[in-house]
>>> print(open('coords_20.pdb').read())   # PDB, C-alpha atoms and all ligand atoms
MODEL        1
ATOM      1  CA  MET G   1      16.024  -4.816  -4.621  1.00  0.00           C
ATOM      2  CA  ARG G   2      15.327  -1.192  -3.872  1.00  0.00           C
ATOM      3  CA  LYS G   3      17.429   0.732  -1.378  1.00  0.00           C
ATOM      4  CA  ASN G   4      16.218   2.246   1.852  1.00  0.00           C
ATOM      5  CA  ILE G   5      17.350   5.862   2.067  1.00  0.00           C
ATOM      6  CA  VAL G   6      17.231   8.592   4.678  1.00  0.00           C
ATOM      7  CA  ALA G   7      18.076  11.980   3.163  1.00  0.00           C
ATOM      8  CA  GLY G   8      18.406  15.291   4.949  1.00  0.00           C
ATOM      9  CA  ASN G   9      17.245  18.513   3.339  1.00  0.00           C
ATOM     10  CA  TRP G  10      18.919  21.350   5.179  1.00  0.00           C
ATOM     11  CA  LYS G  11      17.096  24.006   3.117  1.00  0.00           C
ATOM     12  CA  MET G  12      18.493  27.547   3.660  1.00  0.00           C
ATOM     13  CA  ASN G  13      20.061  26.790   7.035  1.00  0.00           C
ATOM     14  CA  THR G  14      23.629  26.855   8.416  1.00  0.00           C
ATOM     15  CA  THR G  15      26.673  28.847   7.384  1.00  0.00           C
ATOM     16  CA  VAL G  16      29.451  26.921   5.646  1.00  0.00           C
ATOM     17  CA  PRO G  17      31.404  26.266   8.896  1.00  0.00           C
ATOM     18  CA  GLU G  18      28.196  25.222  10.690  1.00  0.00           C
ATOM     19  CA  GLY G  19      27.276  22.957   7.808  1.00  0.00           C
ATOM     20  CA  VAL G  20      30.700  21.311   7.707  1.00  0.00           C
ATOM     21  CA  LYS G  21      30.453  20.654  11.457  1.00  0.00           C
ATOM     22  CA  LEU G  22      26.984  19.126  11.103  1.00  0.00           C
ATOM     23  CA  ALA G  23      28.115  16.997   8.157  1.00  0.00           C
ATOM     24  CA  GLN G  24      31.112  15.769  10.159  1.00  0.00           C
ATOM     25  CA  GLU G  25      28.865  14.815  13.076  1.00  0.00           C
ATOM     26  CA  VAL G  26      26.475  12.916  10.811  1.00  0.00           C
ATOM     27  CA  ASN G  27      29.302  11.222   8.941  1.00  0.00           C
ATOM     28  CA  GLU G  28      30.986  10.073  12.155  1.00  0.00           C
ATOM     29  CA  ALA G  29      27.720   8.790  13.589  1.00  0.00           C
ATOM     30  CA  VAL G  30      26.922   6.882  10.384  1.00  0.00           C
ATOM     31  CA  ALA G  31      30.464   5.460  10.221  1.00  0.00           C
ATOM     32  CA  ALA G  32      30.076   4.206  13.803  1.00  0.00           C
ATOM     33  CA  GLN G  33      26.934   2.193  12.943  1.00  0.00           C
ATOM     34  CA  ALA G  34      27.899  -1.404  12.251  1.00  0.00           C
ATOM     35  CA  ALA G  35      24.959  -2.540  10.129  1.00  0.00           C
ATOM     36  CA  LEU G  36      22.832   0.333   8.913  1.00  0.00           C
ATOM     37  CA  LYS G  37      19.768  -0.710   6.945  1.00  0.00           C
ATOM     38  CA  CYS G  38      19.697   2.425   4.801  1.00  0.00           C
ATOM     39  CA  ASP G  39      21.860   4.735   2.716  1.00  0.00           C
ATOM     40  CA  VAL G  40      22.269   8.209   4.160  1.00  0.00           C
ATOM     41  CA  ILE G  41      22.339  11.446   2.170  1.00  0.00           C
ATOM     42  CA  VAL G  42      22.676  15.068   3.225  1.00  0.00           C
ATOM     43  CA  GLY G  43      21.101  17.724   0.991  1.00  0.00           C
ATOM     44  CA  VAL G  44      22.902  21.024   1.478  1.00  0.00           C
ATOM     45  CA  PRO G  45      22.945  24.564   0.040  1.00  0.00           C
ATOM     46  CA  PHE G  46      25.037  25.122  -3.112  1.00  0.00           C
ATOM     47  CA  THR G  47      27.603  27.150  -1.166  1.00  0.00           C
ATOM     48  CA  HIS G  48      28.306  24.152   1.080  1.00  0.00           C
ATOM     49  CA  LEU G  49      28.678  21.373  -1.474  1.00  0.00           C
ATOM     50  CA  THR G  50      32.451  21.352  -1.965  1.00  0.00           C
ATOM     51  CA  ALA G  51      33.354  21.848   1.690  1.00  0.00           C
ATOM     52  CA  VAL G  52      30.830  19.269   2.897  1.00  0.00           C
ATOM     53  CA  LYS G  53      31.911  16.758   0.251  1.00  0.00           C
ATOM     54  CA  ALA G  54      35.459  16.931   1.650  1.00  0.00           C
ATOM     55  CA  VAL G  55      34.347  15.591   5.053  1.00  0.00           C
ATOM     56  CA  LEU G  56      31.957  12.840   3.911  1.00  0.00           C
ATOM     57  CA  THR G  57      33.142   9.237   3.769  1.00  0.00           C
ATOM     58  CA  HIS G  58      30.000   7.279   4.680  1.00  0.00           C
ATOM     59  CA  VAL G  59      27.265   9.667   3.607  1.00  0.00           C
ATOM     60  CA  ALA G  60      26.250  10.750   0.093  1.00  0.00           C
ATOM     61  CA  LEU G  61      25.767  14.372  -0.904  1.00  0.00           C
ATOM     62  CA  ALA G  62      22.829  16.116  -2.580  1.00  0.00           C
ATOM     63  CA  ALA G  63      22.213  19.618  -3.869  1.00  0.00           C
ATOM     64  CA  GLU G  64      18.767  21.031  -3.122  1.00  0.00           C
ATOM     65  CA  ASN G  65      18.113  22.243  -6.660  1.00  0.00           C
ATOM     66  CA  CYS G  66      19.739  22.869 -10.030  1.00  0.00           C
ATOM     67  CA  ALA G  67      19.020  25.207 -12.921  1.00  0.00           C
ATOM     68  CA  ASP G  68      16.758  24.392 -15.861  1.00  0.00           C
ATOM     69  CA  HIS G  69      19.530  25.362 -18.308  1.00  0.00           C
ATOM     70  CA  LYS G  70      22.935  23.818 -18.794  1.00  0.00           C
ATOM     71  CA  SER G  71      24.996  27.027 -18.897  1.00  0.00           C
ATOM     72  CA  GLY G  72      24.880  30.638 -20.024  1.00  0.00           C
ATOM     73  CA  ALA G  73      23.510  34.013 -19.017  1.00  0.00           C
ATOM     74  CA  TYR G  74      21.399  33.018 -16.011  1.00  0.00           C
ATOM     75  CA  THR G  75      22.813  35.169 -13.239  1.00  0.00           C
ATOM     76  CA  GLY G  76      22.658  33.517  -9.847  1.00  0.00           C
ATOM     77  CA  GLU G  77      21.708  30.074 -11.119  1.00  0.00           C
ATOM     78  CA  VAL G  78      23.692  26.876 -10.516  1.00  0.00           C
ATOM     79  CA  SER G  79      23.675  24.234 -13.242  1.00  0.00           C
ATOM     80  CA  ALA G  80      23.608  20.437 -13.067  1.00  0.00           C
ATOM     81  CA  PRO G  81      27.193  20.207 -14.434  1.00  0.00           C
ATOM     82  CA  MET G  82      28.320  22.596 -11.661  1.00  0.00           C
ATOM     83  CA  VAL G  83      26.595  20.459  -9.022  1.00  0.00           C
ATOM     84  CA  ALA G  84      28.104  17.261 -10.442  1.00  0.00           C
ATOM     85  CA  SER G  85      31.568  18.843 -10.468  1.00  0.00           C
ATOM     86  CA  THR G  86      31.444  19.203  -6.668  1.00  0.00           C
ATOM     87  CA  GLY G  87      31.224  15.422  -6.291  1.00  0.00           C
ATOM     88  CA  ALA G  88      27.566  15.485  -5.227  1.00  0.00           C
ATOM     89  CA  GLN G  89      25.786  12.301  -6.260  1.00  0.00           C
ATOM     90  CA  TYR G  90      22.189  13.514  -5.932  1.00  0.00           C
ATOM     91  CA  VAL G  91      20.021  16.535  -6.547  1.00  0.00           C
ATOM     92  CA  ILE G  92      16.650  17.201  -4.916  1.00  0.00           C
ATOM     93  CA  LEU G  93      14.178  18.498  -7.519  1.00  0.00           C
ATOM     94  CA  GLY G  94      10.588  19.665  -7.327  1.00  0.00           C
ATOM     95  CA  HIS G  95      10.443  20.424  -3.621  1.00  0.00           C
ATOM     96  CA  SER G  96       7.135  22.130  -2.857  1.00  0.00           C
ATOM     97  CA  GLU G  97       9.003  25.209  -1.608  1.00  0.00           C
ATOM     98  CA  ARG G  98      10.632  25.510  -5.051  1.00  0.00           C
ATOM     99  CA  ARG G  99       7.331  24.893  -6.820  1.00  0.00           C
ATOM    100  CA  GLY G 100       5.463  27.314  -4.563  1.00  0.00           C
ATOM    101  CA  TYR G 101       7.884  30.183  -3.900  1.00  0.00           C
ATOM    102  CA  TYR G 102       9.842  30.060  -7.166  1.00  0.00           C
ATOM    103  CA  ALA G 103       7.078  29.038  -9.544  1.00  0.00           C
ATOM    104  CA  GLU G 104       8.757  25.858 -10.739  1.00  0.00           C
ATOM    105  CA  THR G 105       6.435  24.156 -13.183  1.00  0.00           C
ATOM    106  CA  ILE G 106       6.037  20.548 -14.216  1.00  0.00           C
ATOM    107  CA  ALA G 107       7.635  21.373 -17.598  1.00  0.00           C
ATOM    108  CA  MET G 108      10.579  23.168 -15.996  1.00  0.00           C
ATOM    109  CA  LEU G 109      11.146  20.225 -13.667  1.00  0.00           C
ATOM    110  CA  LYS G 110      11.139  17.851 -16.627  1.00  0.00           C
ATOM    111  CA  ASP G 111      14.067  19.850 -18.061  1.00  0.00           C
ATOM    112  CA  LYS G 112      15.865  19.876 -14.703  1.00  0.00           C
ATOM    113  CA  VAL G 113      15.448  16.105 -14.375  1.00  0.00           C
ATOM    114  CA  ASP G 114      16.940  15.588 -17.857  1.00  0.00           C
ATOM    115  CA  LEU G 115      19.867  17.913 -17.195  1.00  0.00           C
ATOM    116  CA  ALA G 116      20.634  16.268 -13.845  1.00  0.00           C
ATOM    117  CA  LEU G 117      20.487  12.708 -15.211  1.00  0.00           C
ATOM    118  CA  ALA G 118      22.651  13.698 -18.189  1.00  0.00           C
ATOM    119  CA  GLU G 119      25.371  14.714 -15.704  1.00  0.00           C
ATOM    120  CA  GLY G 120      25.182  11.394 -13.885  1.00  0.00           C
ATOM    121  CA  LEU G 121      23.356  12.857 -10.895  1.00  0.00           C
ATOM    122  CA  LYS G 122      20.633  10.820  -9.248  1.00  0.00           C
ATOM    123  CA  VAL G 123      17.383  12.717  -8.761  1.00  0.00           C
ATOM    124  CA  ILE G 124      15.287  12.856  -5.595  1.00  0.00           C
ATOM    125  CA  PHE G 125      12.016  13.977  -7.145  1.00  0.00           C
ATOM    126  CA  CYS G 126       9.482  15.504  -4.748  1.00  0.00           C
ATOM    127  CA  CYS G 127       5.739  15.469  -5.242  1.00  0.00           C
ATOM    128  CA  GLY G 128       2.760  16.058  -2.996  1.00  0.00           C
ATOM    129  CA  GLU G 129      -0.541  17.787  -2.523  1.00  0.00           C
ATOM    130  CA  SER G 130      -1.636  20.852  -0.569  1.00  0.00           C
ATOM    131  CA  LEU G 131      -4.176  20.634   2.246  1.00  0.00           C
ATOM    132  CA  ASP G 132      -6.765  22.214  -0.009  1.00  0.00           C
ATOM    133  CA  GLU G 133      -6.155  19.606  -2.713  1.00  0.00           C
ATOM    134  CA  ARG G 134      -6.503  16.807  -0.164  1.00  0.00           C
ATOM    135  CA  LYS G 135      -9.736  18.311   1.167  1.00  0.00           C
ATOM    136  CA  GLN G 136     -11.090  18.472  -2.388  1.00  0.00           C
ATOM    137  CA  ASN G 137     -10.093  14.828  -2.807  1.00  0.00           C
ATOM    138  CA  ILE G 138      -7.997  15.623  -5.895  1.00  0.00           C
ATOM    139  CA  HIS G 139      -4.670  14.641  -4.317  1.00  0.00           C
ATOM    140  CA  PHE G 140      -4.228  11.447  -6.326  1.00  0.00           C
ATOM    141  CA  GLY G 141      -4.626  13.414  -9.561  1.00  0.00           C
ATOM    142  CA  VAL G 142      -2.195  16.121  -8.420  1.00  0.00           C
ATOM    143  CA  ILE G 143       0.503  13.565  -7.629  1.00  0.00           C
ATOM    144  CA  LYS G 144      -0.134  11.669 -10.858  1.00  0.00           C
ATOM    145  CA  ASP G 145       0.208  14.860 -12.919  1.00  0.00           C
ATOM    146  CA  GLU G 146       3.461  15.828 -11.182  1.00  0.00           C
ATOM    147  CA  ILE G 147       5.034  12.411 -11.698  1.00  0.00           C
ATOM    148  CA  GLU G 148       3.757  11.811 -15.222  1.00  0.00           C
ATOM    149  CA  GLY G 149       4.578  15.318 -16.392  1.00  0.00           C
ATOM    150  CA  SER G 150       8.165  15.488 -15.159  1.00  0.00           C
ATOM    151  CA  LEU G 151       9.287  11.830 -15.119  1.00  0.00           C
ATOM    152  CA  PHE G 152       7.322   9.610 -17.479  1.00  0.00           C
ATOM    153  CA  HIS G 153       9.264  10.618 -20.593  1.00  0.00           C
ATOM    154  CA  LEU G 154      12.263   8.807 -19.035  1.00  0.00           C
ATOM    155  CA  SER G 155      13.344   5.324 -20.052  1.00  0.00           C
ATOM    156  CA  ALA G 156      13.229   2.432 -17.576  1.00  0.00           C
ATOM    157  CA  GLU G 157      17.047   2.621 -17.388  1.00  0.00           C
ATOM    158  CA  GLN G 158      16.861   6.303 -16.458  1.00  0.00           C
ATOM    159  CA  MET G 159      14.222   5.612 -13.823  1.00  0.00           C
ATOM    160  CA  ALA G 160      16.821   3.517 -11.988  1.00  0.00           C
ATOM    161  CA  ASN G 161      18.464   6.834 -11.115  1.00  0.00           C
ATOM    162  CA  VAL G 162      15.319   8.451  -9.752  1.00  0.00           C
ATOM    163  CA  VAL G 163      14.120   8.352  -6.147  1.00  0.00           C
ATOM    164  CA  ILE G 164      10.605   9.666  -5.534  1.00  0.00           C
ATOM    165  CA  ALA G 165       9.768  11.582  -2.350  1.00  0.00           C
ATOM    166  CA  TYR G 166       6.112  11.929  -1.399  1.00  0.00           C
ATOM    167  CA  GLU G 167       5.826  15.108   0.647  1.00  0.00           C
ATOM    168  CA  PRO G 168       2.317  16.286   1.490  1.00  0.00           C
ATOM    169  CA  ILE G 169       2.676  20.072   1.666  1.00  0.00           C
ATOM    170  CA  TRP G 170       0.419  20.245   4.725  1.00  0.00           C
ATOM    171  CA  ALA G 171       2.914  18.111   6.653  1.00  0.00           C
ATOM    172  CA  ILE G 172       6.113  19.967   5.746  1.00  0.00           C
ATOM    173  CA  GLY G 173       7.537  21.946   8.641  1.00  0.00           C
ATOM    174  CA  THR G 174       4.133  22.007  10.334  1.00  0.00           C
ATOM    175  CA  GLY G 175       4.674  19.301  12.929  1.00  0.00           C
ATOM    176  CA  GLU G 176       1.692  17.517  11.393  1.00  0.00           C
ATOM    177  CA  THR G 177       2.792  14.162   9.984  1.00  0.00           C
ATOM    178  CA  ALA G 178       0.731  12.128   7.562  1.00  0.00           C
ATOM    179  CA  THR G 179      -0.311   8.974   9.374  1.00  0.00           C
ATOM    180  CA  ALA G 180       1.615   5.900   8.349  1.00  0.00           C
ATOM    181  CA  GLU G 181      -1.603   4.662   6.683  1.00  0.00           C
ATOM    182  CA  GLN G 182      -2.107   7.903   4.732  1.00  0.00           C
ATOM    183  CA  ALA G 183       1.501   7.833   3.548  1.00  0.00           C
ATOM    184  CA  GLN G 184       1.365   4.123   2.666  1.00  0.00           C
ATOM    185  CA  GLU G 185      -1.791   4.714   0.613  1.00  0.00           C
ATOM    186  CA  ILE G 186      -0.045   7.320  -1.538  1.00  0.00           C
ATOM    187  CA  HIS G 187       3.212   5.371  -1.789  1.00  0.00           C
ATOM    188  CA  ALA G 188       1.290   2.321  -3.028  1.00  0.00           C
ATOM    189  CA  PHE G 189      -0.521   4.562  -5.515  1.00  0.00           C
ATOM    190  CA  ILE G 190       2.803   5.941  -6.805  1.00  0.00           C
ATOM    191  CA  ARG G 191       4.245   2.435  -7.105  1.00  0.00           C
ATOM    192  CA  GLY G 192       1.110   1.468  -9.041  1.00  0.00           C
ATOM    193  CA  LEU G 193       1.682   4.348 -11.472  1.00  0.00           C
ATOM    194  CA  LEU G 194       5.258   3.152 -11.988  1.00  0.00           C
ATOM    195  CA  ALA G 195       4.077  -0.427 -12.543  1.00  0.00           C
ATOM    196  CA  GLU G 196       1.535   0.692 -15.159  1.00  0.00           C
ATOM    197  CA  LYS G 197       4.101   2.732 -17.038  1.00  0.00           C
ATOM    198  CA  TYR G 198       7.299   0.699 -16.618  1.00  0.00           C
ATOM    199  CA  GLY G 199       6.225  -2.707 -15.318  1.00  0.00           C
ATOM    200  CA  GLU G 200       6.482  -4.422 -11.943  1.00  0.00           C
ATOM    201  CA  GLN G 201      10.265  -4.674 -11.876  1.00  0.00           C
ATOM    202  CA  VAL G 202      10.889  -0.928 -12.143  1.00  0.00           C
ATOM    203  CA  ALA G 203       8.059  -0.254  -9.685  1.00  0.00           C
ATOM    204  CA  ASP G 204       9.568  -2.694  -7.192  1.00  0.00           C
ATOM    205  CA  ASP G 205      13.056  -1.291  -7.606  1.00  0.00           C
ATOM    206  CA  THR G 206      12.143   2.389  -7.139  1.00  0.00           C
ATOM    207  CA  THR G 207      12.807   3.898  -3.727  1.00  0.00           C
ATOM    208  CA  ILE G 208       9.890   6.016  -2.505  1.00  0.00           C
ATOM    209  CA  LEU G 209      10.580   8.284   0.471  1.00  0.00           C
ATOM    210  CA  TYR G 210       8.129   9.999   2.793  1.00  0.00           C
ATOM    211  CA  GLY G 211       8.726  13.612   3.840  1.00  0.00           C
ATOM    212  CA  GLY G 212       6.778  15.860   6.182  1.00  0.00           C
ATOM    213  CA  SER G 213       7.538  16.323   9.883  1.00  0.00           C
ATOM    214  CA  CYS G 214       9.270  12.954  10.066  1.00  0.00           C
ATOM    215  CA  LYS G 215      11.136  12.642  13.363  1.00  0.00           C
ATOM    216  CA  PRO G 216      12.725   9.957  15.554  1.00  0.00           C
ATOM    217  CA  SER G 217       9.409   9.359  17.327  1.00  0.00           C
ATOM    218  CA  ASN G 218       7.391   8.539  14.194  1.00  0.00           C
ATOM    219  CA  ALA G 219      10.005   7.270  11.713  1.00  0.00           C
ATOM    220  CA  ALA G 220       9.864   3.593  12.717  1.00  0.00           C
ATOM    221  CA  GLU G 221       6.093   3.411  12.243  1.00  0.00           C
ATOM    222  CA  LEU G 222       6.314   5.088   8.825  1.00  0.00           C
ATOM    223  CA  PHE G 223       9.273   2.976   7.655  1.00  0.00           C
ATOM    224  CA  ALA G 224       7.517  -0.239   8.711  1.00  0.00           C
ATOM    225  CA  LYS G 225       5.006   0.233   5.882  1.00  0.00           C
ATOM    226  CA  PRO G 226       5.728  -1.920   2.840  1.00  0.00           C
ATOM    227  CA  ASP G 227       5.951   0.924   0.307  1.00  0.00           C
ATOM    228  CA  ILE G 228       7.769   3.483   2.477  1.00  0.00           C
ATOM    229  CA  ASP G 229      11.477   3.100   1.805  1.00  0.00           C
ATOM    230  CA  GLY G 230      12.774   5.888   4.020  1.00  0.00           C
ATOM    231  CA  GLY G 231      12.446   9.616   4.478  1.00  0.00           C
ATOM    232  CA  LEU G 232      13.326  13.056   3.193  1.00  0.00           C
ATOM    233  CA  ILE G 233      13.920  14.980   6.371  1.00  0.00           C
ATOM    234  CA  GLY G 234      13.800  18.762   6.798  1.00  0.00           C
ATOM    235  CA  GLY G 235      13.827  20.198  10.312  1.00  0.00           C
ATOM    236  CA  ALA G 236      15.039  17.031  12.018  1.00  0.00           C
ATOM    237  CA  SER G 237      18.093  16.826   9.730  1.00  0.00           C
ATOM    238  CA  LEU G 238      19.601  19.939  11.301  1.00  0.00           C
ATOM    239  CA  LYS G 239      20.630  18.182  14.505  1.00  0.00           C
ATOM    240  CA  ALA G 240      22.845  15.119  14.086  1.00  0.00           C
ATOM    241  CA  ALA G 241      21.213  13.294  17.030  1.00  0.00           C
ATOM    242  CA  ASP G 242      17.678  13.777  15.670  1.00  0.00           C
ATOM    243  CA  PHE G 243      18.717  12.816  12.158  1.00  0.00           C
ATOM    244  CA  MET G 244      20.471   9.695  13.456  1.00  0.00           C
ATOM    245  CA  GLY G 245      17.342   8.807  15.425  1.00  0.00           C
ATOM    246  CA  ILE G 246      15.590   8.581  12.045  1.00  0.00           C
ATOM    247  CA  VAL G 247      18.490   6.869  10.233  1.00  0.00           C
ATOM    248  CA  THR G 248      18.494   4.117  12.845  1.00  0.00           C
ATOM    249  CA  ALA G 249      14.700   3.715  12.813  1.00  0.00           C
ATOM    250  CA  PHE G 250      14.822   0.911  10.216  1.00  0.00           C
TER     251      PHE G 250
HETATM  252  C1  LIG G 301      11.103  18.829   3.626  1.00  0.00           C
HETATM  253  O1  LIG G 301      11.102  20.026   3.495  1.00  0.00           O
HETATM  254  O2  LIG G 301      11.541  18.110   2.717  1.00  0.00           O
HETATM  255  C2  LIG G 301      10.583  18.280   4.872  1.00  0.00           C
HETATM  256  C3  LIG G 301      10.178  17.039   4.874  1.00  0.00           C
HETATM  257  O3  LIG G 301      10.552  19.128   5.950  1.00  0.00           O
HETATM  258  P1  LIG G 301      10.152  18.769   7.472  1.00  0.00           P
HETATM  259  O4  LIG G 301      10.799  17.449   7.780  1.00  0.00           O
HETATM  260  O5  LIG G 301      10.724  19.889   8.282  1.00  0.00           O
HETATM  261  O6  LIG G 301       8.683  18.699   7.520  1.00  0.00           O
ENDMDL
END
>>> encode(input="coords_20.pdb", output="structure tokens")
Amino acid sequence: MRKNIVAGNWKMNTTVPEGVKLAQEVNEAVAAQAALKCDVIVGVPFTHLTAVKAVLTHVALAAENCADHKSGAYTGEVSAPMVASTGAQYVILGHSERRGYYAETIAMLKDKVDLALAEGLKVIFCCGESLDERKQNIHFGVIKDEIEGSLFHLSAEQMANVVIAYEPIWAIGTGETATAEQAQEIHAFIRGLLAEKYGEQVADDTTILYGGSCKPSNAAELFAKPDIDGGLIGGASLKAADFMGIVTAF
């Protein structure tokens, strides 16, 4: 059975002390929940990984990116082995901000996915269309290309270590959430792609998260849909109370 997951993506927010405090608050709140119906992850800046890891007992840790090379002369980059050595269990790859602002391509993300999995990291792989692509009605093709191009060289065994996050770009940080029906439609489409490529079992077992202005007030409706297995949360992950309002929405 697939896992429900709520993962925070702090992006470029908080200093290290602020981040440690936030992680402590989230960890304590999660520890205090008797029967949570989801796993909880915090995705934090590279600089925070080691210090945040030290305070987490009930919450898993993700980096927000890793390099597309294993080591070498790539000033300023942080490799998958470096991320894994902090004790992080996950890495977020392919976020639309990375694709858009840092020109990350489908081919580059394929390499990042391979490097991350080779280090034993689980991948939270983001995909999603722009508003323009949705208006042109090419969003299904965009998502298919992103998933096929960066993930479908993997074996079924490797896919067990991949979580997919559907994040429509028009809903990220805009306050505009995809309706639960719009999100469910895409999640079912993604699960269909997985079933075609890997069979029903892998499709059933893969966690597919929704991301894009998810908040305590809309999380329960989104998570009630059969193919929405949780959320990747940006803005609302920066306050422990808001994040917990989403974690407890299942
Ligand atoms: C994100 O960036 O992954 C995200 C979902 O952001 P927000 O929740 O702020 O829309």
>>> residues_around(input="coords_20.pdb", residues="Lys70 of chain G", least_positions_apart="5", cutoff="7 Å", atoms="all atoms listed in the file", output="PyMOL selection string")
chain G and resi 79-80+115
>>> closest_atom_pairs(input="coords_20.pdb", of="segment 135-246 of chain G", to="segment 84-106 of chain G", cutoff="10 Å", atoms="all atoms listed in the file", output="Markdown table")
| residue | atom | partner | partner_atom | distance |
| --- | --- | --- | --- | --- |
| G:Asp145 | CA | G:Ile106 | CA | 8.2 |
| G:Glu146 | CA | G:Ile106 | CA | 6.2 |
| G:Ile147 | CA | G:Ile106 | CA | 8.6 |
| G:Glu148 | CA | G:Ile106 | CA | 9.1 |
| G:Gly149 | CA | G:Ile106 | CA | 5.8 |
| G:Ser150 | CA | G:Ile106 | CA | 5.6 |
| G:Leu151 | CA | G:Ile106 | CA | 9.3 |
| G:Asn161 | CA | G:Tyr90 | CA | 9.2 |
| G:Val162 | CA | G:Tyr90 | CA | 9.4 |
| G:Val163 | CA | G:Ile92 | CA | 9.3 |
| G:Ile164 | CA | G:Ile92 | CA | 9.7 |
| G:Ala165 | CA | G:His95 | CA | 9.0 |
| G:Tyr166 | CA | G:His95 | CA | 9.8 |
| G:Glu167 | CA | G:Ser96 | CA | 8.0 |
| G:Pro168 | CA | G:Ser96 | CA | 8.7 |
| G:Ile169 | CA | G:Ser96 | CA | 6.7 |
| G:Ile172 | CA | G:Ser96 | CA | 8.9 |
| G:Leu232 | CA | G:Ile92 | CA | 9.7 |
>>> write_last_selection(input="coords_20.pdb", atoms="C-alpha atoms", output="compact mmCIF listing (two decimals), in the frame of the given file")
# COMPACT_ATOMS: atom_id res chain seq x y z
CA ASP G 145 0.21 14.86 -12.92
CA GLU G 146 3.46 15.83 -11.18
CA ILE G 147 5.03 12.41 -11.70
CA GLU G 148 3.76 11.81 -15.22
CA GLY G 149 4.58 15.32 -16.39
CA SER G 150 8.16 15.49 -15.16
CA LEU G 151 9.29 11.83 -15.12
CA ASN G 161 18.46 6.83 -11.12
CA VAL G 162 15.32 8.45 -9.75
CA VAL G 163 14.12 8.35 -6.15
CA ILE G 164 10.60 9.67 -5.53
CA ALA G 165 9.77 11.58 -2.35
CA TYR G 166 6.11 11.93 -1.40
CA GLU G 167 5.83 15.11 0.65
CA PRO G 168 2.32 16.29 1.49
CA ILE G 169 2.68 20.07 1.67
CA ILE G 172 6.11 19.97 5.75
CA LEU G 232 13.33 13.06 3.19
>>> residues_around(input="coords_20.pdb", residues="Ser237 of chain G", least_positions_apart="2", cutoff="9 Å", atoms="all atoms listed in the file", output="PyMOL selection string")
chain G and resi 7-10+42+215+232-235+239-244+246
>>> atom_distance(input="coords_20.pdb", atom1="atom O5 of ligand LIG 301 (chain G)", atom2="atom CA of Ser213 of chain G")
5.0 Å
>>> resolve_selection(input="coords_20.pdb", expression="the PyMOL selection byres (((chain G and resi 218) around 10) and not hetatm)", output="list of chain:residue names")
G:Thr177, G:Thr179, G:Ala180, G:Ser213, G:Cys214, G:Lys215, G:Pro216, G:Ser217, G:Ala219, G:Ala220, G:Glu221, G:Leu222, G:Phe223, G:Ile246, G:Ala249
>>> closest_residue(input="coords_20.pdb", among="G:Ala32, G:Ala160, G:Ala171, G:Val16", to="ligand LIG 301 (chain G)", atoms="all atoms listed in the file")
G:Ala171
>>> resolve_selection(input="coords_20.pdb", expression="the PyMOL selection byres (((chain G and resi 76) around 12) and not hetatm)", output="PyMOL selection string")
chain G and resi 46-47+66-67+71-75+77-79
>>> closest_residue(input="coords_20.pdb", among="G:Ile41, G:Ala178, G:Ala188, G:Ala224", to="Arg134 of chain G", atoms="only C-alpha atoms")
G:Ala178
>>> residues_around(input="coords_20.pdb", residues="Ala156 of chain G", least_positions_apart="2", cutoff="12 Å", atoms="all atoms listed in the file", output="list in words")
Leu151, Phe152, His153, Leu154, Gln158, Met159, Ala160, Asn161, Val162, Leu194, Ala195, Lys197, Tyr198, Gly199, Glu200, Gln201, Val202, Ala203, Asp205 and Thr206 of chain G
>>> closest_residue(input="coords_20.pdb", among="G:Ile5, G:Leu121, G:Cys126, G:Ile190", to="ligand LIG 301 (chain G)", atoms="only C-alpha atoms and all ligand atoms")
G:Cys126
>>> resolve_selection(input="coords_20.pdb", expression="the PyMOL selection byres (((chain G and resi 140) around 12) and not hetatm)", output="VMD selection string")
chain G and resid 127 to 130 133 to 139 141 to 148 166 168 182 to 183 185 to 190 192 to 193
>>> axis_aligned_box(input="coords_20.pdb", around="ligand LIG 301 (chain G)", padding_each_side="5 Å", output="JSON")
{"center_x": 10.1, "center_y": 18.5, "center_z": 5.5, "size_x": 12.9, "size_y": 13.0, "size_z": 15.6}
>>> closest_residue(input="coords_20.pdb", among="G:Ala34, G:Ala62, G:Ala236, G:Ile208", to="Lys3 of chain G", atoms="all atoms listed in the file")
G:Ile208
>>> atom_distance(input="coords_20.pdb", atom1="atom CA of Glu28 of chain G", atom2="atom CA of His58 of chain G")
8.0 Å
>>> atom_distance(input="coords_20.pdb", atom1="atom CA of Ala29 of chain G", atom2="atom CA of Gly43 of chain G")
16.8 Å
